[in-house]
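What follows is entry37.txt (compact mmCIF, C-alpha atoms and all ligand atoms).
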# COMPACT_ATOMS: atom_id res chain seq x y z
CA MET D 7 159.75 117.98 159.31
CA GLY D 8 163.53 118.44 158.86
CA LYS D 9 165.43 116.65 156.10
CA ASN D 10 167.27 114.36 158.52
CA LYS D 11 164.16 113.47 160.46
CA ILE D 12 162.33 112.53 157.27
CA LYS D 13 165.28 110.35 156.16
CA THR D 14 165.07 108.32 159.37
CA LYS D 15 161.27 108.21 159.31
CA LEU D 16 161.42 106.71 155.82
CA ILE D 17 163.38 103.77 157.15
CA HIS D 18 161.39 103.07 160.30
CA SER D 19 157.77 104.12 159.64
CA GLY D 20 155.19 101.39 159.91
CA ILE D 21 157.48 98.67 161.25
CA ASP D 22 155.86 96.45 163.90
CA THR D 23 158.18 93.52 164.61
CA ILE D 24 156.23 92.44 167.70
CA LYS D 25 152.99 92.00 165.76
CA ASN D 26 154.85 90.41 162.83
CA TYR D 27 156.85 87.75 164.69
CA GLY D 28 160.12 89.67 164.32
CA SER D 29 159.63 90.42 160.63
CA LEU D 30 160.60 93.93 159.47
CA SER D 31 158.04 93.89 156.70
CA ASP D 32 154.32 93.26 156.92
CA PRO D 33 152.81 90.11 155.45
CA VAL D 34 150.57 90.68 152.41
CA TYR D 35 146.91 90.43 153.50
CA LYS D 36 144.91 89.06 150.62
CA SER D 37 141.31 88.59 151.79
CA SER D 38 138.42 90.04 149.84
CA THR D 39 136.01 89.16 152.67
CA LEU D 40 136.83 90.53 156.10
CA ILE D 41 135.10 88.86 159.03
CA PHE D 42 133.19 90.63 161.84
CA LYS D 43 133.48 89.15 165.32
CA ASN D 44 129.76 89.62 166.03
CA TYR D 45 126.69 91.65 165.01
CA LYS D 46 127.71 94.67 167.08
CA GLU D 47 131.10 94.83 165.35
CA TYR D 48 129.36 94.52 161.97
CA ILE D 49 127.10 97.48 162.76
CA ILE D 50 130.04 99.59 163.97
CA ALA D 51 132.00 98.71 160.80
CA LYS D 52 129.04 99.72 158.60
CA LYS D 53 129.12 103.17 160.14
CA ASN D 54 132.93 103.42 159.87
CA LYS D 55 133.63 101.76 156.56
CA PHE D 56 136.88 103.61 155.93
CA SER D 57 138.44 103.27 159.34
CA LYS D 58 137.39 99.75 160.42
CA PRO D 59 137.92 96.45 158.58
CA TYR D 60 134.87 96.30 156.26
CA TYR D 61 135.40 94.77 152.82
CA GLY D 62 138.72 94.01 151.10
CA ARG D 63 138.11 96.37 148.19
CA LEU D 64 137.95 99.33 150.60
CA GLY D 65 141.29 98.48 152.14
CA SER D 66 143.35 95.94 154.05
CA TYR D 67 145.82 96.17 156.89
CA ASN D 68 148.46 96.96 154.24
CA THR D 69 146.42 99.82 152.71
CA LYS D 70 145.96 101.33 156.17
CA SER D 71 149.65 100.97 156.88
CA LEU D 72 150.63 102.85 153.68
CA GLU D 73 147.97 105.53 154.34
CA LYS D 74 149.43 106.11 157.79
CA ILE D 75 153.06 106.29 156.65
CA ILE D 76 152.30 108.74 153.83
CA SER D 77 150.21 110.94 156.15
CA GLU D 78 153.18 111.07 158.53
CA LEU D 79 155.65 111.92 155.76
CA TYR D 80 153.45 114.66 154.26
CA GLN D 81 152.21 115.66 157.72
CA SER D 82 148.69 115.51 156.35
CA GLU D 83 145.63 114.48 158.35
CA SER D 84 144.88 111.66 155.95
CA CYS D 85 145.87 109.82 152.81
CA VAL D 86 143.83 107.92 150.21
CA VAL D 87 145.68 105.07 148.50
CA THR D 88 144.44 104.34 144.96
CA SER D 89 145.16 101.83 142.21
CA SER D 90 147.43 104.15 140.16
CA GLY D 91 148.67 107.69 139.95
CA LEU D 92 146.13 108.41 137.23
CA SER D 93 143.23 107.06 139.30
CA ALA D 94 144.37 109.25 142.22
CA ILE D 95 143.99 112.24 139.87
CA THR D 96 140.70 111.27 138.19
CA LEU D 97 139.01 110.24 141.46
CA THR D 98 140.07 113.48 143.13
CA LEU D 99 138.73 115.61 140.27
CA LEU D 100 135.49 113.60 140.19
CA SER D 101 135.03 114.15 143.93
CA PHE D 102 134.74 117.93 143.66
CA LEU D 103 133.63 118.85 140.16
CA ASP D 104 130.01 118.87 139.09
CA GLN D 105 127.92 120.03 136.17
CA ASN D 106 128.60 123.67 135.26
CA SER D 107 131.66 123.88 137.49
CA GLU D 108 135.01 124.96 136.11
CA CYS D 109 138.47 123.54 136.52
CA LEU D 110 141.80 125.20 135.69
CA ILE D 111 144.64 122.87 134.73
CA THR D 112 148.38 123.31 134.06
CA GLN D 113 148.62 123.24 130.27
CA ASN D 114 151.66 120.96 130.14
CA CYS D 115 150.14 118.40 132.45
CA TYR D 116 150.62 114.64 132.12
CA GLU D 117 148.77 113.93 128.85
CA PRO D 118 146.22 111.40 130.24
CA VAL D 119 145.03 114.17 132.61
CA TYR D 120 144.44 116.41 129.61
CA ASN D 121 142.55 113.58 127.87
CA PHE D 122 140.42 112.82 130.94
CA ALA D 123 139.59 116.50 131.44
CA THR D 124 138.78 117.34 127.83
CA GLN D 125 136.99 114.09 127.00
CA ASN D 126 135.41 112.77 130.22
CA LEU D 127 134.95 115.75 132.52
CA ALA D 128 133.79 117.91 129.62
CA LYS D 129 131.16 115.27 128.80
CA PHE D 130 129.70 115.72 132.32
CA GLY D 131 129.41 119.47 131.74
CA VAL D 132 132.60 120.58 133.46
CA LYS D 133 134.34 123.50 131.77
CA ILE D 134 138.11 123.03 131.47
CA LYS D 135 140.56 125.89 131.07
CA PHE D 136 144.32 125.51 130.74
CA PHE D 137 146.98 127.86 132.05
CA GLU D 138 150.72 128.16 131.69
CA ASN D 139 152.70 127.66 134.90
CA ASN D 140 154.03 130.90 136.37
CA SER D 141 151.39 133.13 134.80
CA ILE D 142 149.42 134.37 137.79
CA LYS D 143 147.80 137.23 135.86
CA LYS D 144 146.37 134.80 133.34
CA ILE D 145 145.18 132.44 136.08
CA THR D 146 143.44 135.34 137.81
CA LYS D 147 141.65 136.22 134.57
CA LEU D 148 140.48 132.62 134.09
CA ILE D 149 138.86 132.39 137.54
CA THR D 150 135.08 132.77 137.69
CA LYS D 151 132.46 132.13 140.38
CA LYS D 152 132.16 128.60 138.99
CA THR D 153 135.86 127.70 139.37
CA LYS D 154 136.09 124.84 141.85
CA ILE D 155 139.57 123.42 141.31
CA ILE D 156 142.98 124.66 140.26
CA TYR D 157 144.98 121.59 139.27
CA ILE D 158 148.74 122.16 139.21
CA GLU D 159 151.47 119.92 137.91
CA SER D 160 154.84 121.41 138.79
CA PRO D 161 157.35 120.85 137.33
CA SER D 162 155.11 120.10 134.36
CA SER D 163 155.52 117.01 132.20
CA MET D 164 158.08 117.02 129.40
CA ASN D 165 159.32 120.63 129.70
CA TYR D 166 159.40 121.03 133.50
CA GLU D 167 157.78 124.44 133.85
CA VAL D 168 157.56 125.45 137.50
CA GLU D 169 154.63 127.16 139.18
CA ASP D 170 155.09 130.05 141.60
CA LEU D 171 152.86 128.19 143.98
CA GLU D 172 152.43 130.65 146.82
CA LYS D 173 150.79 133.12 144.44
CA VAL D 174 148.34 130.49 143.20
CA THR D 175 147.34 129.21 146.63
CA GLU D 176 146.81 132.79 147.80
CA ILE D 177 144.43 133.61 144.96
CA ALA D 178 142.73 130.21 145.30
CA LYS D 179 142.05 130.81 148.98
CA GLN D 180 140.64 134.27 148.29
CA ASN D 181 138.20 132.68 145.84
CA ASN D 182 137.37 129.52 147.82
CA ILE D 183 138.95 127.29 145.19
CA ILE D 184 140.45 123.89 146.00
CA THR D 185 144.07 123.44 144.89
CA VAL D 186 145.25 120.01 143.76
CA PHE D 187 148.98 119.44 143.12
CA ASP D 188 150.63 116.53 141.29
CA ASN D 189 153.91 116.09 143.19
CA THR D 190 155.15 112.97 141.40
CA TRP D 191 158.24 114.75 140.02
CA ALA D 192 159.68 115.62 143.43
CA THR D 193 158.04 113.19 145.87
CA PHE D 194 157.51 114.37 149.48
CA LEU D 195 161.31 114.28 149.85
CA GLY D 196 161.83 117.10 147.39
CA PHE D 197 158.80 119.24 148.14
CA ASN D 198 155.76 119.39 150.38
CA PRO D 199 153.05 121.49 148.65
CA LEU D 200 150.83 121.27 151.76
CA LYS D 201 153.28 123.62 153.49
CA TRP D 202 152.61 126.19 150.76
CA GLY D 203 148.85 126.16 151.20
CA VAL D 204 147.87 123.43 148.73
CA ASP D 205 144.75 121.48 149.75
CA ILE D 206 145.35 118.13 148.10
CA VAL D 207 148.63 116.52 147.02
CA ILE D 208 148.80 113.61 144.61
CA GLU D 209 151.69 111.30 143.89
CA SER D 210 152.03 108.38 141.56
CA ALA D 211 153.82 105.89 143.83
CA THR D 212 154.30 103.83 140.67
CA LYS D 213 157.32 106.07 139.96
CA TYR D 214 160.10 106.87 142.46
CA ILE D 215 158.41 105.56 145.59
CA SER D 216 158.02 102.00 144.30
CA GLY D 217 161.14 102.53 142.20
CA HIS D 218 161.41 99.19 140.40
CA SER D 219 158.90 99.47 137.51
CA ASP D 220 156.89 96.60 138.94
CA ASN D 221 154.01 98.32 140.73
CA PHE D 222 151.03 100.63 140.27
CA CYS D 223 149.85 102.79 143.15
CA GLY D 224 148.48 106.31 143.69
CA LEU D 225 148.50 108.52 146.79
CA VAL D 226 146.36 111.49 147.81
CA ALA D 227 147.52 113.38 150.91
CA CYS D 228 144.84 115.73 152.26
CA SER D 229 142.61 116.76 155.16
CA TYR D 230 140.27 114.23 156.78
CA ASN D 231 137.21 115.89 155.21
CA ASN D 232 138.69 115.68 151.73
CA TYR D 233 139.79 112.12 152.46
CA LEU D 234 136.16 111.17 153.16
CA LYS D 235 135.03 112.68 149.85
CA ILE D 236 137.78 111.10 147.72
CA LYS D 237 137.64 107.72 149.46
CA SER D 238 133.89 107.68 148.98
CA THR D 239 134.30 108.36 145.23
CA ALA D 240 136.98 105.67 144.98
CA THR D 241 134.63 103.20 146.67
CA LYS D 242 131.73 104.04 144.37
CA TYR D 243 133.90 103.68 141.26
CA GLY D 244 135.24 100.35 142.51
CA ASP D 245 138.87 101.45 142.67
CA TYR D 246 140.92 98.68 144.27
CA VAL D 247 144.56 98.51 145.38
CA HIS D 248 146.06 95.09 145.95
CA SER D 249 147.77 94.70 149.32
CA ASP D 250 150.90 93.60 147.48
CA SER D 251 151.05 97.05 145.82
CA CYS D 252 150.98 98.72 149.23
CA VAL D 253 153.74 96.48 150.60
CA THR D 254 155.81 97.10 147.45
CA ALA D 255 155.35 100.87 147.82
CA ILE D 256 156.37 100.70 151.50
CA ARG D 257 159.46 98.67 150.59
CA GLY D 258 160.36 101.28 147.97
CA LEU D 259 160.19 104.04 150.58
CA ARG D 260 163.08 102.51 152.50
CA THR D 261 165.58 103.20 149.71
CA LEU D 262 163.90 106.22 148.11
CA GLU D 263 166.35 108.84 149.32
CA THR D 264 169.45 106.91 148.24
CA ARG D 265 167.94 106.17 144.82
CA MET D 266 166.78 109.76 144.22
CA ASN D 267 170.27 111.06 145.05
CA GLN D 268 171.88 108.63 142.63
CA HIS D 269 169.32 109.34 139.87
CA SER D 270 170.00 113.06 140.14
CA LYS D 271 173.82 112.61 140.27
CA ASN D 272 173.74 110.44 137.15
CA ALA D 273 171.33 112.82 135.43
CA LYS D 274 173.73 115.75 136.01
CA LEU D 275 176.57 113.82 134.34
CA VAL D 276 174.37 112.79 131.41
CA TYR D 277 173.15 116.40 131.11
CA ASN D 278 176.79 117.63 130.97
CA PHE D 279 177.39 115.27 128.06
CA LEU D 280 174.22 116.30 126.22
CA ASN D 281 174.97 119.95 126.79
CA LYS D 282 178.35 119.64 125.06
CA SER D 283 177.08 117.45 122.24
CA LYS D 284 176.82 119.31 118.91
CA ILE D 285 173.86 117.25 117.77
CA VAL D 286 171.64 118.26 120.71
CA LYS D 287 169.56 121.36 120.06
CA ASP D 288 167.49 122.07 123.19
CA ILE D 289 167.67 120.60 126.68
CA PHE D 290 165.24 120.93 129.57
CA PHE D 291 166.90 120.11 132.87
CA LEU D 292 166.02 122.08 135.98
CA PRO D 293 169.43 122.05 137.74
CA ASP D 294 170.79 123.79 134.60
CA LYS D 295 171.32 127.40 135.73
CA LYS D 296 170.42 128.62 132.24
CA ASN D 297 167.00 126.96 132.41
CA LYS D 298 164.33 129.68 132.61
CA ASN D 299 162.62 127.85 135.48
CA HIS D 300 165.80 127.22 137.48
CA LYS D 301 165.36 130.07 139.97
CA LEU D 302 161.74 129.25 140.71
CA TRP D 303 162.60 125.58 141.02
CA LYS D 304 165.28 126.45 143.60
CA LYS D 305 162.71 128.47 145.55
CA TYR D 306 160.50 125.42 146.10
CA PHE D 307 162.37 122.16 145.54
CA CYS D 308 165.25 120.71 147.52
CA LEU D 309 166.20 117.84 145.23
CA SER D 310 166.36 116.86 141.61
CA ASN D 311 165.63 113.60 139.79
CA GLY D 312 166.53 111.61 136.67
CA LEU D 313 164.38 113.37 134.06
CA ILE D 314 165.85 115.26 131.09
CA THR D 315 164.13 116.30 127.85
CA PHE D 316 166.18 117.11 124.77
CA SER D 317 165.88 117.51 121.01
CA ILE D 318 168.11 116.64 118.05
CA LEU D 319 167.85 118.07 114.55
CA LYS D 320 165.77 116.00 112.13
CA LYS D 321 168.39 114.72 109.68
CA ASN D 322 168.00 110.97 109.46
CA ASN D 323 165.61 108.28 110.64
CA ILE D 324 164.76 108.47 114.31
CA SER D 325 165.32 104.71 114.52
CA ASP D 326 169.00 105.20 113.53
CA PHE D 327 169.40 106.76 116.95
CA LEU D 328 166.87 104.86 119.06
CA ASP D 329 167.57 101.36 117.78
CA ASN D 330 171.30 101.74 118.36
CA LEU D 331 170.89 102.39 122.07
CA GLN D 332 171.54 99.36 124.21
CA ILE D 333 171.09 100.63 127.77
CA PHE D 334 168.39 103.26 127.32
CA LYS D 335 165.24 101.25 126.55
CA ILE D 336 162.18 102.67 124.81
CA GLY D 337 159.29 102.64 127.26
CA PHE D 338 156.68 104.64 129.18
CA SER D 339 156.92 105.80 132.76
CA TRP D 340 159.94 106.77 134.84
CA GLY D 341 161.23 106.55 138.40
CA GLY D 342 162.39 102.94 138.15
CA PHE D 343 166.00 101.76 138.55
CA GLU D 344 166.57 101.59 134.78
CA SER D 345 167.27 104.18 132.12
CA LEU D 346 164.46 104.83 129.65
CA ILE D 347 164.00 106.93 126.53
CA LEU D 348 160.69 108.08 125.13
CA PRO D 349 160.25 109.74 121.73
CA ILE D 350 157.70 112.55 122.17
CA ASN D 351 155.61 114.25 119.52
CA ALA D 352 154.68 117.31 121.51
CA LEU D 353 155.96 119.06 124.61
CA SER D 354 152.43 120.02 125.53
CA PRO D 355 149.10 118.23 125.05
CA VAL D 356 147.45 121.62 124.51
CA LYS D 357 149.78 122.91 121.81
CA LYS D 358 150.39 120.01 119.47
CA SER D 359 152.53 120.66 116.41
CA SER D 360 153.10 118.21 113.59
CA LYS D 361 155.79 120.29 111.87
CA ASN D 362 158.77 119.84 114.12
CA SER D 363 162.23 120.38 112.71
CA VAL D 364 163.62 118.31 115.56
CA PHE D 365 163.02 114.98 117.27
CA TRP D 366 162.14 115.32 120.95
CA PHE D 367 163.02 112.74 123.61
CA ARG D 368 162.37 112.44 127.30
CA ILE D 369 164.94 110.34 129.11
CA HIS D 370 164.85 108.94 132.58
CA VAL D 371 168.40 108.46 133.84
CA GLY D 372 168.60 105.28 135.86
CA LEU D 373 171.06 103.83 138.33
CA GLU D 374 173.51 102.29 135.83
CA SER D 375 177.10 103.52 135.58
CA SER D 376 176.95 107.08 134.25
CA SER D 377 179.91 106.50 131.95
CA ASP D 378 178.10 103.53 130.36
CA LEU D 379 175.01 105.69 129.89
CA ILE D 380 177.04 108.41 128.20
CA LYS D 381 178.80 105.85 125.97
CA ASP D 382 175.39 104.49 124.99
CA LEU D 383 174.09 107.91 123.92
CA LYS D 384 177.40 108.68 122.12
CA LYS D 385 177.06 105.48 120.11
CA GLY D 386 173.40 106.28 119.30
CA PHE D 387 174.32 109.78 118.10
CA TYR D 388 177.25 108.43 116.08
CA GLU D 389 175.03 105.90 114.27
CA TYR D 390 172.38 108.58 113.66
CA GLU D 391 174.86 110.99 112.11
CA LYS D 392 176.86 108.61 109.94
C1 LIG D 401 153.35 113.51 136.42
C2 LIG D 401 152.60 112.21 136.42
N1 LIG D 401 151.51 112.09 137.18
C3 LIG D 401 150.78 110.96 137.20
C4 LIG D 401 151.14 109.86 136.43
C5 LIG D 401 150.28 108.63 136.44
O1 LIG D 401 150.84 107.62 137.20
P1 LIG D 401 150.46 106.08 136.99
O2 LIG D 401 151.30 105.58 135.88
O3 LIG D 401 150.77 105.50 138.34
O4 LIG D 401 149.01 106.02 136.68
C6 LIG D 401 152.29 109.94 135.64
C7 LIG D 401 152.70 108.79 134.83
O5 LIG D 401 153.58 108.85 133.99
C8 LIG D 401 153.03 111.15 135.62
O6 LIG D 401 154.12 111.30 134.84
Here is a file; write its structure as structure tokens.
Ligand SMILES: Cc1ncc(COP(=O)(O)O)c(C=O)c1O
Amino acid sequence: MGKNKIKTKLIHSGIDTIKNYGSLSDPVYKSSTLIFKNYKEYIIAKKNKFSKPYYGRLGSYNTKSLEKIISELYQSESCVVTSSGLSAITLTLLSFLDQNSECLITQNCYEPVYNFATQNLAKFGVKIKFFENNSIKKITKLITKKTKIIYIESPSSMNYEVEDLEKVTEIAKQNNIITVFDNTWATFLGFNPLKWGVDIVIESATKYISGHSDNFCGLVACSYNNYLKIKSTATKYGDYVHSDSCVTAIRGLRTLETRMNQHSKNAKLVYNFLNKSKIVKDIFFLPDKKNKNHKLWKKYFCLSNGLITFSILKKNNISDFLDNLQIFKIGFSWGGFESLILPINALSPVKKSSKNSVFWFRIHVGLESSSDLIKDLKKGFYEYEK
């Protein structure tokens, strides 16, 4: 789908003003119990639990509506909506991995994925192996007959390493391995991994899609067969998405493109400031032409976002910097309207080091005035250095 077409689709998908008495947005359907008209309808629903109204935990009108919109935007056959981005990941992995199977994972993945894989999947007898993005030779060496999934996060968390995806999907297909891709960084607006041969795409709609730091929601765009497997796991594990979360995610979609553009514009200006600042040691920011992943990023992604990671030399107390910021707030997550800063101990969950000579931070540049954001960081640096 072209960029312009997708922009318009974002605004109009899923709107049914006739059904909704003129309203542009859907009402929030709250029922846990869904009623069957008669016995015949009950029997049909039992055989088609995921496509017919069955029981509120399996989905409501609002869940179905979000599933349909996301499938259209990703041009996937189906979409599973889950309670969070993390549950979208764990339920997907649980759907395909079994005892003695092996799973390859991007080494700089979102840390809770690392924890789930090494602590929970390993406990069930799944062997986990980590690989560096853009290291196809190493990936090839890690593959065995037991490899069932290659899980890719690109750009990776914290240091934004990019995968040369077409090489990975090619080797995965040759070996009958399912590829799963966490696309939260870019959203479907910035990249569609399904077009590059990926089997299953995951997004945390908690981030840019919902956009206001007031919602949890996960999305899995995939084929109908994979949908059946993942939805069935989600049902067995009791995963539940409130209808309100689906409506909030759909509302976020309407302004996603405008917000993403503004986040990335502001982030470029903040990056320019950080880049000139003497106190800043390293910066990871993909639109930076000097970034070692820049070229590969350009090959696959058509937009940027608000994430920047940087370090400052360890001279004084970290709180001299952090506690003097007024706009950047300390907090987890990203993708909301506001600017956030997160002190990070390690760039990678696999390679943890306690002897850093620098403090690392991940910032999410929000929608505030960029000059105010720069002033805020300047003041923080000034207080840290004095
Ligand atoms: C790359 C990535 N994937 C998945 C998640 C999980 O999303 P959620 O917070 O919706 O569980 C996060 C959360 O920070 C993330 O950064």
- Task: Tell me which of D:Thr124, D:Thr212, D:Thr112, D:Asn362 sits closest to ligand LIG 401 (chain D), counting only C-alpha atoms and all ligand atoms.
- Result: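 Going through D:Thr124, D:Thr212, D:Thr112, D:Asn362 one by one, the smallest distance to ligand LIG 401 (chain D) is for D:Thr212.
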- Counting only C-alpha atoms and all ligand atoms, which protein, DNA or RNA residues come within 7 Å of ligand LIG 401 (chain D), given as a count of residues only? 20
- Item | From D:Tyr388, D:Phe307, D:Phe338, D:Tyr243, residue lying nearest D:Ser160 [all atoms listed in the file] | D:Phe307
- Query: Closest to D:Thr254 among D:Ile215, D:Ile285, D:Ile21, D:Ile142, using all atoms listed in the file?
  - Reply: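 Distance minimum relative to D:Thr254 lands on D:Ile215.
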- Item | Å distance separating atom CA of D:Phe137 from atom CA of D:Gly196, one decimal place |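 It comes out at 23.9 Å.
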- Of the listed residues D:Ile289, D:Leu171, D:Ile134, D:Val87, that which approaches D:Phe197 most closely, counting all atoms listed in the file: D:Leu171
For stretch 72-87 of chain D, supply N, CA and C atoms and report the output as a PDB file, in the coordinates of the input.
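Just written: selection-v2.pdb:
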ATOM      1  N   LEU D  72     150.074 101.876 154.627  1.00  0.00           N
ATOM      2  CA  LEU D  72     150.630 102.850 153.680  1.00  0.00           C
ATOM      3  C   LEU D  72     149.998 104.229 153.870  1.00  0.00           C
ATOM      4  N   GLU D  73     148.680 104.243 154.097  1.00  0.00           N
ATOM      5  CA  GLU D  73     147.970 105.530 154.340  1.00  0.00           C
ATOM      6  C   GLU D  73     148.624 106.265 155.511  1.00  0.00           C
ATOM      7  N   LYS D  74     148.899 105.499 156.567  1.00  0.00           N
ATOM      8  CA  LYS D  74     149.430 106.110 157.790  1.00  0.00           C
ATOM      9  C   LYS D  74     150.853 106.646 157.565  1.00  0.00           C
ATOM     10  N   ILE D  75     151.670 105.857 156.883  1.00  0.00           N
ATOM     11  CA  ILE D  75     153.060 106.290 156.650  1.00  0.00           C
ATOM     12  C   ILE D  75     153.084 107.561 155.798  1.00  0.00           C
ATOM     13  N   ILE D  76     152.284 107.578 154.729  1.00  0.00           N
ATOM     14  CA  ILE D  76     152.300 108.740 153.830  1.00  0.00           C
ATOM     15  C   ILE D  76     151.765 109.985 154.553  1.00  0.00           C
ATOM     16  N   SER D  77     150.729 109.795 155.376  1.00  0.00           N
ATOM     17  CA  SER D  77     150.210 110.940 156.150  1.00  0.00           C
ATOM     18  C   SER D  77     151.306 111.495 157.056  1.00  0.00           C
ATOM     19  N   GLU D  78     152.092 110.609 157.641  1.00  0.00           N
ATOM     20  CA  GLU D  78     153.180 111.070 158.530  1.00  0.00           C
ATOM     21  C   GLU D  78     154.219 111.844 157.726  1.00  0.00           C
ATOM     22  N   LEU D  79     154.580 111.304 156.547  1.00  0.00           N
ATOM     23  CA  LEU D  79     155.650 111.920 155.760  1.00  0.00           C
ATOM     24  C   LEU D  79     155.220 113.270 155.182  1.00  0.00           C
ATOM     25  N   TYR D  80     153.949 113.381 154.785  1.00  0.00           N
ATOM     26  CA  TYR D  80     153.450 114.660 154.260  1.00  0.00           C
ATOM     27  C   TYR D  80     152.925 115.561 155.381  1.00  0.00           C
ATOM     28  N   GLN D  81     152.838 114.985 156.583  1.00  0.00           N
ATOM     29  CA  GLN D  81     152.210 115.660 157.720  1.00  0.00           C
ATOM     30  C   GLN D  81     150.812 116.145 157.356  1.00  0.00           C
ATOM     31  N   SER D  82     150.089 115.226 156.699  1.00  0.00           N
ATOM     32  CA  SER D  82     148.690 115.510 156.350  1.00  0.00           C
ATOM     33  C   SER D  82     147.801 114.768 157.340  1.00  0.00           C
ATOM     34  N   GLU D  83     146.542 115.190 157.451  1.00  0.00           N
ATOM     35  CA  GLU D  83     145.630 114.480 158.350  1.00  0.00           C
ATOM     36  C   GLU D  83     145.378 113.071 157.850  1.00  0.00           C
ATOM     37  N   SER D  84     145.285 112.945 156.513  1.00  0.00           N
ATOM     38  CA  SER D  84     144.880 111.660 155.950  1.00  0.00           C
ATOM     39  C   SER D  84     145.557 111.394 154.621  1.00  0.00           C
ATOM     40  N   CYS D  85     145.365 110.177 154.139  1.00  0.00           N
ATOM     41  CA  CYS D  85     145.870 109.820 152.810  1.00  0.00           C
ATOM     42  C   CYS D  85     144.949 108.763 152.196  1.00  0.00           C
ATOM     43  N   VAL D  86     144.589 108.955 150.931  1.00  0.00           N
ATOM     44  CA  VAL D  86     143.830 107.920 150.210  1.00  0.00           C
ATOM     45  C   VAL D  86     144.831 107.189 149.318  1.00  0.00           C
ATOM     46  N   VAL D  87     144.820 105.870 149.379  1.00  0.00           N
ATOM     47  CA  VAL D  87     145.680 105.070 148.500  1.00  0.00           C
ATOM     48  C   VAL D  87     144.798 104.573 147.356  1.00  0.00           C
TER      49      VAL D  87
END
